[in-house]
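> Next comes the structure file data.cif, holding mmCIF, C-alpha atoms.
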data_run
#
loop_
_atom_site.group_PDB
_atom_site.id
_atom_site.type_symbol
_atom_site.label_atom_id
_atom_site.label_comp_id
_atom_site.auth_asym_id
_atom_site.auth_seq_id
_atom_site.Cartn_x
_atom_site.Cartn_y
_atom_site.Cartn_z
ATOM 1 C CA MET A 8 -8.723 -31.439 -24.382
ATOM 2 C CA PRO A 9 -6.710 -29.862 -21.567
ATOM 3 C CA VAL A 10 -6.624 -31.592 -18.207
ATOM 4 C CA THR A 11 -8.644 -29.932 -15.440
ATOM 5 C CA LEU A 12 -8.054 -29.870 -11.691
ATOM 6 C CA ASP A 13 -10.966 -28.822 -9.474
ATOM 7 C CA CYS A 14 -9.396 -26.770 -6.681
ATOM 8 C CA ALA A 15 -12.582 -27.030 -4.606
ATOM 9 C CA LYS A 16 -11.957 -30.773 -4.154
ATOM 10 C CA LEU A 17 -8.181 -30.661 -3.584
ATOM 11 C CA SER A 18 -5.761 -29.291 -1.013
ATOM 12 C CA THR A 19 -3.174 -26.801 -2.235
ATOM 13 C CA ARG A 20 -0.469 -29.445 -1.884
ATOM 14 C CA GLU A 21 -2.527 -31.912 -3.931
ATOM 15 C CA ILE A 22 -3.024 -29.303 -6.665
ATOM 16 C CA ASN A 23 0.671 -28.456 -6.910
ATOM 17 C CA VAL A 24 1.827 -32.082 -6.772
ATOM 18 C CA SER A 25 -0.734 -32.939 -9.468
ATOM 19 C CA ILE A 26 0.621 -30.183 -11.716
ATOM 20 C CA LYS A 27 4.151 -31.620 -11.445
ATOM 21 C CA ARG A 28 2.930 -35.189 -12.022
ATOM 22 C CA LEU A 29 0.838 -34.222 -15.057
ATOM 23 C CA ALA A 30 3.775 -32.297 -16.531
ATOM 24 C CA LEU A 31 5.997 -35.370 -16.100
ATOM 25 C CA GLU A 32 3.348 -37.456 -17.860
ATOM 26 C CA GLY A 33 3.539 -35.142 -20.859
ATOM 27 C CA GLU A 34 0.466 -32.954 -20.421
ATOM 28 C CA THR A 35 0.935 -29.547 -22.004
ATOM 29 C CA GLU A 36 -2.046 -27.619 -20.638
ATOM 30 C CA ILE A 37 -3.740 -27.758 -17.234
ATOM 31 C CA HIS A 38 -6.816 -25.752 -16.228
ATOM 32 C CA LEU A 39 -7.433 -24.968 -12.555
ATOM 33 C CA LEU A 40 -11.168 -24.715 -11.848
ATOM 34 C CA ASN A 41 -12.762 -22.962 -8.849
ATOM 35 C CA PRO A 42 -9.547 -21.303 -7.621
ATOM 36 C CA GLU A 43 -11.540 -18.897 -5.417
ATOM 37 C CA ALA A 44 -8.498 -16.813 -4.504
ATOM 38 C CA ARG A 45 -6.590 -19.789 -3.067
ATOM 39 C CA HIS A 46 -2.970 -19.027 -2.087
ATOM 40 C CA SER A 47 0.142 -20.647 -3.585
ATOM 41 C CA LEU A 48 -1.398 -22.068 -6.758
ATOM 42 C CA GLY A 49 1.262 -23.326 -9.163
ATOM 43 C CA VAL A 50 4.367 -22.435 -7.191
ATOM 44 C CA THR A 51 7.725 -23.933 -8.221
ATOM 45 C CA VAL A 52 6.629 -25.226 -11.621
ATOM 46 C CA PHE A 53 9.771 -26.030 -13.617
ATOM 47 C CA ASP A 54 8.207 -27.506 -16.739
ATOM 48 C CA PRO A 55 7.259 -25.773 -20.010
ATOM 49 C CA ILE A 56 3.523 -26.278 -19.617
ATOM 50 C CA THR A 57 0.559 -23.907 -19.758
ATOM 51 C CA ILE A 58 -1.519 -23.408 -16.633
ATOM 52 C CA VAL A 59 -4.837 -21.595 -16.971
ATOM 53 C CA VAL A 60 -6.374 -20.391 -13.706
ATOM 54 C CA GLU A 61 -10.076 -20.069 -14.459
ATOM 55 C CA GLY A 62 -10.824 -17.333 -11.932
ATOM 56 C CA THR A 63 -8.989 -15.435 -9.236
ATOM 57 C CA ALA A 64 -5.809 -16.659 -7.544
ATOM 58 C CA GLY A 65 -4.606 -15.709 -4.055
ATOM 59 C CA TYR A 66 -1.075 -14.958 -2.887
ATOM 60 C CA PHE A 67 2.083 -16.308 -4.616
ATOM 61 C CA CYS A 68 0.451 -17.630 -7.785
ATOM 62 C CA GLY A 69 3.209 -18.828 -10.129
ATOM 63 C CA ALA A 70 5.952 -17.932 -7.670
ATOM 64 C CA MET A 71 9.437 -19.260 -8.485
ATOM 65 C CA ASN A 72 8.185 -20.247 -11.919
ATOM 66 C CA ASP A 73 10.874 -21.547 -14.288
ATOM 67 C CA GLY A 74 9.478 -22.166 -17.745
ATOM 68 C CA ALA A 75 5.705 -22.418 -17.385
ATOM 69 C CA THR A 76 3.111 -20.141 -18.951
ATOM 70 C CA PHE A 77 0.399 -18.957 -16.563
ATOM 71 C CA HIS A 78 -2.834 -17.381 -17.745
ATOM 72 C CA ILE A 79 -4.953 -16.122 -14.853
ATOM 73 C CA LEU A 80 -8.439 -15.158 -15.992
ATOM 74 C CA GLY A 81 -9.337 -13.195 -12.832
ATOM 75 C CA ASN A 82 -7.383 -11.174 -10.262
ATOM 76 C CA THR A 83 -4.316 -12.193 -8.271
ATOM 77 C CA GLY A 84 -3.401 -11.491 -4.644
ATOM 78 C CA TRP A 85 0.017 -10.503 -3.334
ATOM 79 C CA SER A 86 3.263 -11.679 -4.939
ATOM 80 C CA ALA A 87 2.121 -13.259 -8.209
ATOM 81 C CA GLY A 88 5.173 -14.532 -10.097
ATOM 82 C CA GLU A 89 7.564 -13.711 -7.276
ATOM 83 C CA CYS A 90 11.166 -14.732 -8.081
ATOM 84 C CA MET A 91 10.264 -16.078 -11.533
ATOM 85 C CA LEU A 92 13.320 -17.251 -13.492
ATOM 86 C CA SER A 93 11.669 -17.848 -16.863
ATOM 87 C CA GLY A 94 8.260 -18.416 -18.392
ATOM 88 C CA GLU A 95 5.312 -16.083 -18.657
ATOM 89 C CA ILE A 96 2.487 -14.843 -16.455
ATOM 90 C CA VAL A 97 -0.550 -13.042 -17.860
ATOM 91 C CA ILE A 98 -3.185 -11.700 -15.457
ATOM 92 C CA GLU A 99 -6.431 -10.620 -17.080
ATOM 93 C CA ARG A 100 -7.671 -8.320 -14.323
ATOM 94 C CA ASN A 101 -6.073 -6.610 -11.295
ATOM 95 C CA ALA A 102 -3.053 -7.758 -9.288
ATOM 96 C CA ALA A 103 -2.367 -6.841 -5.665
ATOM 97 C CA SER A 104 0.902 -5.797 -3.998
ATOM 98 C CA SER A 105 4.358 -7.216 -4.704
ATOM 99 C CA THR A 106 3.509 -8.596 -8.145
ATOM 100 C CA GLY A 107 6.582 -9.743 -10.077
ATOM 101 C CA VAL A 108 8.956 -9.059 -7.208
ATOM 102 C CA SER A 109 12.590 -10.070 -7.806
ATOM 103 C CA ILE A 110 11.935 -11.673 -11.185
ATOM 104 C CA ARG A 111 15.008 -12.564 -13.237
ATOM 105 C CA GLY A 112 13.223 -13.424 -16.478
ATOM 106 C CA GLY A 113 9.984 -13.854 -18.305
ATOM 107 C CA PRO A 114 7.270 -11.308 -18.822
ATOM 108 C CA VAL A 115 4.632 -10.579 -16.184
ATOM 109 C CA VAL A 116 1.659 -8.911 -17.829
ATOM 110 C CA VAL A 117 -1.175 -7.414 -15.771
ATOM 111 C CA LYS A 118 -3.998 -6.041 -17.869
ATOM 112 C CA GLY A 119 -5.594 -4.142 -14.968
ATOM 113 C CA HIS A 120 -4.102 -2.219 -12.030
ATOM 114 C CA VAL A 121 -1.366 -3.410 -9.661
ATOM 115 C CA GLY A 122 -0.891 -2.697 -5.968
ATOM 116 C CA ALA A 123 2.081 -1.368 -4.020
ATOM 117 C CA ARG A 124 5.686 -2.533 -4.440
ATOM 118 C CA THR A 125 5.195 -4.130 -7.845
ATOM 119 C CA GLY A 126 8.468 -5.390 -9.336
ATOM 120 C CA ILE A 127 10.720 -4.351 -6.482
ATOM 121 C CA ALA A 128 14.262 -5.694 -6.867
ATOM 122 C CA GLN A 129 13.501 -6.780 -10.431
ATOM 123 C CA LYS A 130 16.681 -8.323 -11.892
ATOM 124 C CA GLY A 131 15.551 -9.143 -15.416
ATOM 125 C CA GLY A 132 12.554 -9.875 -17.591
ATOM 126 C CA LEU A 133 9.703 -7.519 -18.339
ATOM 127 C CA ILE A 134 6.714 -6.255 -16.363
ATOM 128 C CA VAL A 135 3.802 -4.722 -18.263
ATOM 129 C CA VAL A 136 0.921 -3.045 -16.426
ATOM 130 C CA GLY A 137 -2.165 -2.051 -18.396
ATOM 131 C CA GLY A 138 -3.510 0.201 -15.645
ATOM 132 C CA ASN A 139 -2.044 2.098 -12.690
ATOM 133 C CA THR A 140 0.771 1.081 -10.368
ATOM 134 C CA GLY A 141 0.812 1.354 -6.572
ATOM 135 C CA TYR A 142 3.192 2.941 -4.089
ATOM 136 C CA MET A 143 6.948 2.234 -4.427
ATOM 137 C CA THR A 144 6.695 0.286 -7.659
ATOM 138 C CA GLY A 145 10.131 -0.717 -8.942
ATOM 139 C CA PHE A 146 11.839 0.011 -5.618
ATOM 140 C CA MET A 147 15.533 -1.017 -5.889
ATOM 141 C CA ILE A 148 15.083 -2.338 -9.432
ATOM 142 C CA GLN A 149 18.430 -3.627 -10.713
ATOM 143 C CA ARG A 150 17.892 -4.482 -14.356
ATOM 144 C CA ASP A 151 15.497 -4.523 -17.281
ATOM 145 C CA THR A 152 12.171 -3.004 -18.027
ATOM 146 C CA MET A 153 8.765 -2.068 -16.717
ATOM 147 C CA ILE A 154 6.055 -0.644 -18.966
ATOM 148 C CA ILE A 155 3.202 1.218 -17.254
ATOM 149 C CA CYS A 156 0.248 2.162 -19.431
ATOM 150 C CA GLY A 157 -1.620 4.050 -16.697
ATOM 151 C CA ASP A 158 -0.513 6.329 -13.872
ATOM 152 C CA ALA A 159 2.470 5.591 -11.660
ATOM 153 C CA ALA A 160 2.057 6.192 -7.940
ATOM 154 C CA GLU A 161 4.460 7.871 -5.550
ATOM 155 C CA GLY A 162 7.899 6.326 -5.130
ATOM 156 C CA LEU A 163 8.302 4.837 -8.604
ATOM 157 C CA GLY A 164 11.873 3.543 -8.951
ATOM 158 C CA ASP A 165 12.908 4.686 -5.479
ATOM 159 C CA SER A 166 16.541 3.714 -4.790
ATOM 160 C CA MET A 167 16.864 2.039 -8.197
ATOM 161 C CA TYR A 168 20.266 0.723 -9.284
ATOM 162 C CA ALA A 169 19.493 0.442 -13.000
ATOM 163 C CA GLY A 170 16.598 -0.345 -15.298
ATOM 164 C CA LEU A 171 14.059 1.383 -17.466
ATOM 165 C CA PHE A 172 10.524 2.563 -16.807
ATOM 166 C CA THR A 173 8.263 3.686 -19.589
ATOM 167 C CA SER A 174 4.945 5.247 -18.684
ATOM 168 C CA ALA A 175 2.160 6.535 -20.875
ATOM 169 C CA ALA A 176 0.476 8.730 -18.315
ATOM 170 C CA ARG A 177 1.028 10.691 -15.119
ATOM 171 C CA LEU A 178 3.869 10.147 -12.671
ATOM 172 C CA ALA A 179 3.512 11.202 -9.056
ATOM 173 C CA SER A 180 6.399 13.155 -7.615
ATOM 174 C CA MET B 19 -6.911 13.666 24.350
ATOM 175 C CA LYS B 20 -8.650 14.063 27.611
ATOM 176 C CA GLY B 21 -10.687 11.834 29.865
ATOM 177 C CA HIS B 22 -11.103 8.928 27.456
ATOM 178 C CA HIS B 23 -11.378 5.436 28.850
ATOM 179 C CA PHE B 24 -9.524 2.604 27.096
ATOM 180 C CA ASN B 25 -10.954 -0.903 27.339
ATOM 181 C CA THR B 26 -8.127 -2.997 25.884
ATOM 182 C CA GLN B 27 -4.332 -3.272 25.808
ATOM 183 C CA ASN B 28 -4.465 -3.055 22.000
ATOM 184 C CA ASP B 29 -2.866 0.014 20.428
ATOM 185 C CA SER B 30 -5.454 -0.082 17.625
ATOM 186 C CA GLU B 31 -8.016 1.158 20.126
ATOM 187 C CA VAL B 32 -6.320 4.546 19.892
ATOM 188 C CA ILE B 33 -7.746 4.879 16.379
ATOM 189 C CA ALA B 34 -11.334 4.426 17.553
ATOM 190 C CA VAL B 35 -10.885 6.791 20.489
ATOM 191 C CA TYR B 36 -9.170 9.376 18.317
ATOM 192 C CA ILE B 37 -11.967 9.302 15.719
ATOM 193 C CA ALA B 38 -14.652 9.437 18.423
ATOM 194 C CA ASP B 39 -12.914 12.443 19.983
ATOM 195 C CA MET B 40 -12.774 14.299 16.669
ATOM 196 C CA MET B 41 -16.431 13.598 15.964
ATOM 197 C CA GLN B 42 -17.424 14.796 19.439
ATOM 198 C CA GLN B 43 -15.756 18.072 18.477
ATOM 199 C CA GLY B 44 -17.910 18.302 15.358
ATOM 200 C CA ALA B 45 -15.875 16.595 12.636
ATOM 201 C CA THR B 46 -17.650 14.360 10.141
ATOM 202 C CA LEU B 47 -16.578 10.735 9.931
ATOM 203 C CA ASP B 48 -14.940 11.519 6.590
ATOM 204 C CA ASP B 49 -12.945 14.417 8.103
ATOM 205 C CA ALA B 50 -11.899 12.324 11.078
ATOM 206 C CA VAL B 51 -10.794 9.303 9.037
ATOM 207 C CA ARG B 52 -8.956 11.516 6.557
ATOM 208 C CA SER B 53 -6.995 13.206 9.328
ATOM 209 C CA THR B 54 -5.660 9.874 10.626
ATOM 210 C CA ILE B 55 -3.602 9.462 7.446
ATOM 211 C CA THR B 56 -1.285 12.238 8.585
ATOM 212 C CA THR B 57 -1.865 12.168 12.349
ATOM 213 C CA LEU B 58 -1.210 8.497 13.066
ATOM 214 C CA ASP B 59 2.371 7.265 12.786
ATOM 215 C CA GLY B 60 2.752 3.615 11.822
ATOM 216 C CA SER B 61 1.361 1.083 9.402
ATOM 217 C CA PHE B 62 -2.359 0.437 9.528
ATOM 218 C CA THR B 63 -5.439 -0.433 7.569
ATOM 219 C CA TYR B 64 -8.702 -0.148 9.426
ATOM 220 C CA LEU B 65 -12.464 -0.120 9.048
ATOM 221 C CA VAL B 66 -14.607 2.099 11.234
ATOM 222 C CA ALA B 67 -18.370 2.164 11.743
ATOM 223 C CA THR B 68 -20.761 4.614 13.367
ATOM 224 C CA ALA B 69 -24.531 4.329 13.743
ATOM 225 C CA ASP B 70 -25.092 5.430 10.148
ATOM 226 C CA SER B 71 -21.730 5.311 8.337
ATOM 227 C CA ILE B 72 -18.747 3.134 7.577
ATOM 228 C CA GLY B 73 -15.280 4.151 6.523
ATOM 229 C CA LEU B 74 -11.855 2.788 5.718
ATOM 230 C CA ALA B 75 -8.301 4.078 5.587
ATOM 231 C CA ARG B 76 -4.920 2.725 4.543
ATOM 232 C CA ASP B 77 -1.644 4.256 5.688
ATOM 233 C CA GLN B 78 0.916 6.012 3.509
ATOM 234 C CA PHE B 79 3.115 2.929 3.143
ATOM 235 C CA ALA B 80 0.266 0.557 2.164
ATOM 236 C CA MET B 81 1.746 -2.172 4.327
ATOM 237 C CA LYS B 82 -1.452 -3.854 5.502
ATOM 238 C CA PRO B 83 -3.718 -5.589 2.985
ATOM 239 C CA LEU B 84 -7.124 -4.300 1.932
ATOM 240 C CA MET B 85 -9.175 -5.412 -1.066
ATOM 241 C CA ILE B 86 -12.193 -3.451 -2.294
ATOM 242 C CA THR B 87 -15.077 -4.510 -4.502
ATOM 243 C CA GLU B 88 -17.438 -1.771 -5.538
ATOM 244 C CA THR B 89 -20.396 -2.015 -7.920
ATOM 245 C CA ASP B 90 -23.627 -0.100 -8.360
ATOM 246 C CA GLU B 91 -25.276 -2.597 -6.005
ATOM 247 C CA LEU B 92 -22.710 -3.224 -3.295
ATOM 248 C CA VAL B 93 -19.460 -2.317 -1.607
ATOM 249 C CA ALA B 94 -17.432 -5.080 0.052
ATOM 250 C CA VAL B 95 -13.998 -4.873 1.673
ATOM 251 C CA ALA B 96 -11.758 -7.489 3.260
ATOM 252 C CA SER B 97 -8.092 -8.135 3.831
ATOM 253 C CA GLU B 98 -8.097 -10.882 1.198
ATOM 254 C CA GLU B 99 -10.156 -11.670 -1.853
ATOM 255 C CA ALA B 100 -10.641 -15.213 -0.535
ATOM 256 C CA ALA B 101 -12.816 -13.737 2.218
ATOM 257 C CA LEU B 102 -14.915 -11.816 -0.311
ATOM 258 C CA ARG B 103 -15.372 -14.983 -2.355
ATOM 259 C CA LYS B 104 -16.781 -16.754 0.689
ATOM 260 C CA ALA B 105 -19.538 -14.135 0.776
ATOM 261 C CA PHE B 106 -20.133 -13.828 -2.977
ATOM 262 C CA PRO B 107 -20.030 -17.043 -5.013
ATOM 263 C CA PHE B 108 -19.015 -15.377 -8.274
ATOM 264 C CA GLU B 109 -16.023 -13.547 -9.701
ATOM 265 C CA LEU B 110 -15.651 -9.982 -8.437
ATOM 266 C CA ASP B 111 -13.990 -6.907 -9.880
ATOM 267 C CA THR B 112 -11.652 -6.408 -6.951
ATOM 268 C CA ARG B 113 -8.710 -4.064 -6.524
ATOM 269 C CA GLU B 114 -6.243 -3.373 -3.763
ATOM 270 C CA ALA B 115 -6.701 -0.097 -1.875
ATOM 271 C CA SER B 116 -4.017 2.474 -2.611
ATOM 272 C CA ALA B 117 -1.697 4.109 -0.102
ATOM 273 C CA ARG B 118 -3.432 6.925 1.820
ATOM 274 C CA GLU B 119 -6.804 5.873 0.448
ATOM 275 C CA VAL B 120 -9.783 7.014 2.509
ATOM 276 C CA ARG B 121 -13.390 6.138 1.752
ATOM 277 C CA THR B 122 -16.595 6.684 3.712
ATOM 278 C CA TRP B 123 -20.175 5.716 2.997
ATOM 279 C CA ARG B 124 -23.362 6.748 4.781
ATOM 280 C CA PHE B 125 -26.245 4.352 5.256
ATOM 281 C CA ASP B 126 -29.504 5.677 3.846
ATOM 282 C CA ARG B 127 -32.046 4.741 6.504
ATOM 283 C CA ALA B 128 -35.062 5.859 4.491
ATOM 284 C CA GLY B 129 -34.186 3.716 1.505
ATOM 285 C CA GLY B 130 -32.703 0.893 3.523
ATOM 286 C CA THR B 131 -29.749 0.655 1.140
ATOM 287 C CA PRO B 132 -26.282 2.170 1.143
ATOM 288 C CA GLY B 133 -26.697 5.785 0.095
ATOM 289 C CA GLN B 134 -24.317 8.322 -1.332
ATOM 290 C CA GLY B 135 -21.053 8.677 0.498
ATOM 291 C CA GLN B 136 -20.040 11.837 2.272
ATOM 292 C CA ALA B 137 -17.358 11.983 -0.369
ATOM 293 C CA PRO B 138 -18.709 10.910 -3.752
ATOM 294 C CA PRO B 139 -17.111 7.692 -5.047
ATOM 295 C CA LEU B 140 -14.325 8.423 -7.515
ATOM 296 C CA PRO B 141 -12.835 6.274 -10.251
ATOM 297 C CA TYR B 142 -9.666 4.539 -9.135
ATOM 298 C CA TYR B 143 -7.136 6.976 -10.539
ATOM 299 C CA GLU B 144 -8.962 10.047 -9.287
ATOM 300 C CA ALA B 145 -9.346 8.628 -5.787
ATOM 301 C CA ALA B 146 -5.669 7.739 -5.801
ATOM 302 C CA HIS B 147 -4.500 11.164 -6.919
ATOM 303 C CA ALA B 148 -6.802 12.990 -4.551
ATOM 304 C CA GLY B 149 -5.092 11.403 -1.588
ATOM 305 C CA GLY B 150 -1.499 11.567 -2.783
ATOM 306 C CA ILE B 151 -1.386 8.499 -4.901
ATOM 307 C CA GLY B 152 -0.064 5.090 -4.113
#
Have the structure of the file written as structure tokens, please.

Amino acid sequence: MPVTLDCAKLSTREINVSIKRLALEGETEIHLLNPEARHSLGVTVFDPITIVVEGTAGYFCGAMNDGATFHILGNTGWSAGECMLSGEIVIERNAASSTGVSIRGGPVVVKGHVGARTGIAQKGGLIVVGGNTGYMTGFMIQRDTMIICGDAAEGLGDSMYAGLFTSAARLAS
Amino acid sequence: MKGHHFNTQNDSEVIAVYIADMMQQGATLDDAVRSTITTLDGSFTYLVATADSIGLARDQFAMKPLMITETDELVAVASEEAALRKAFPFELDTREASAREVRTWRFDRAGGTPGQGQAPPLPYYEAAHAGGIG
């Protein structure tokens, strides 16, 4: 049985400290209940554990992740997985702006649409978007790959240094 | 513009006065809101309401947040999904508005429920492409 943390009864600091403590105690899977779009859930997790967010997360979910696997069952707000070094983030629905910004490793998978500035300054890893991307996606990307299954909005790869975009559908000029 | 009175020191008031001026000259709310995308210089996301309509617009750089939930029963918008969740105690199918997105809806007084918009609602990708996507 995975451990559960009820976000409705805890402050954000208590949630994130509990995640680190449970990881130290050897737990391998933690479920966050009632996230209700709370910001900063699961930031700076450096342990190889699985975190399941049972709903929608707010800004910065999984930011600075180094080794953890995040599975978000709802949407995410701005900057999910920002600056991730390693690990994995899977978002079942839509993600807002600045998803996967500056990641150096690990896949970020969004099954729905993403907002503006997704994956800007990406330096490694992989970003997969099941739906459409927003304005200026991949701005100043420096390395590695982004796969877009839907349409790419205006400004894709603007000012890019290096990297690869693959898109299955329409690209805006 | 001519002869308009400003009530605040807030530059956002220009948007309301500009839209009111256009509508006084015969523009629909949808026309007026749509024109702000190219007329106004700067980053903005705003909501606007008249006696029988509401509308929203997001600027070409998509700098300011705006989340939209739209179902057959309701339309709800807010700067963050956390605000929407305070109003609706269940998971929502929410997406971020795209750059240059404009939407307007007219309130159907006879039915007492939100009626058809002046511009018919479009699926996400069509709405995005119609406005220069982003």
> Taking all atoms listed in the file into account, which residues of chain B are within 7 Å of chain A, as a PyMOL selection string?
chain B and resi 80+99-100+103+109+113-114+116-117+151-152
> How far is it from CA of Cys68 in chain A to CA of Ser86 in chain A, in Å with one decimal?
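We find that CA of Cys68 in chain A and CA of Ser86 in chain A lie 7.2 Å from each other.
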> For Val135 in chain A, list every protein, DNA or RNA residue within 8 Å, evaluated using all atoms listed in the file, and leave out those in the same chain fewer than 5 positions away; present the list as a ChimeraX atom specification.
/A:114-118,153-156
> Do you know which residues the PyMOL selection byres ((chain A and resi 52-55) around 8) returns on this file, as a PyMOL selection string?
chain A and resi 26-27+30+35+49-51+56-57+69+71-76+94
> Would you kindly translate the PyMOL selection byres ((chain B and resi 78) around 9) into the concrete residues it picks from this file, as a count of residues only?
17
> Just how far from CA of Ile37 in chain A is CA of Gly112 in chain A, in Å to one decimal?
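Taking CA of Gly112 in chain A and CA of Ile37 in chain A, their separation equals 22.2 Å.
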> Report as an NGL selection string the full result of the PyMOL selection byres ((chain B and resi 27-38) around 12) when it is applied to this structure.
:B and (19-26 or 39-55 or 57-68 or 73-75)
> Would you mind telling me which residue in B:Pro107, B:Val120, B:Ala69, B:Thr112 lies nearest to Val93 in chain B when using only C-alpha atoms?
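Among the listed residues, B:Thr112 lies closest to Val93 in chain B.
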> In Å, rounded to a single decimal, give me how far CA of Phe67 in chain A is from CA of Lys104 in chain B.
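So the answer is 19.6 Å.
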> Find the spatial neighbours of Leu84 in chain B, counting only C-alpha atoms, within a cut-off of 7 Å - ignore same-chain residues fewer than 2 positions away - and output them as a list in words.
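So the residues in contact are Lys82, Ile86, Val95, Ala96, Ser97, Glu98, Glu114 and Ala115 of chain B.
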> Dig up all the protein and nucleic acid residues within 9 Å of (7.6, -8.1, -6.1) in the file frame, using all atoms listed in the file, and format them as a PyMOL selection string.
chain A and resi 85-90+104-110+123-129+144-145
> From the list A:Met147, A:Leu31, A:Val136, A:Leu92, which residue is nearest Ala175 in chain A when using all atoms listed in the file?
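Distance minimum relative to Ala175 in chain A lands on A:Val136.
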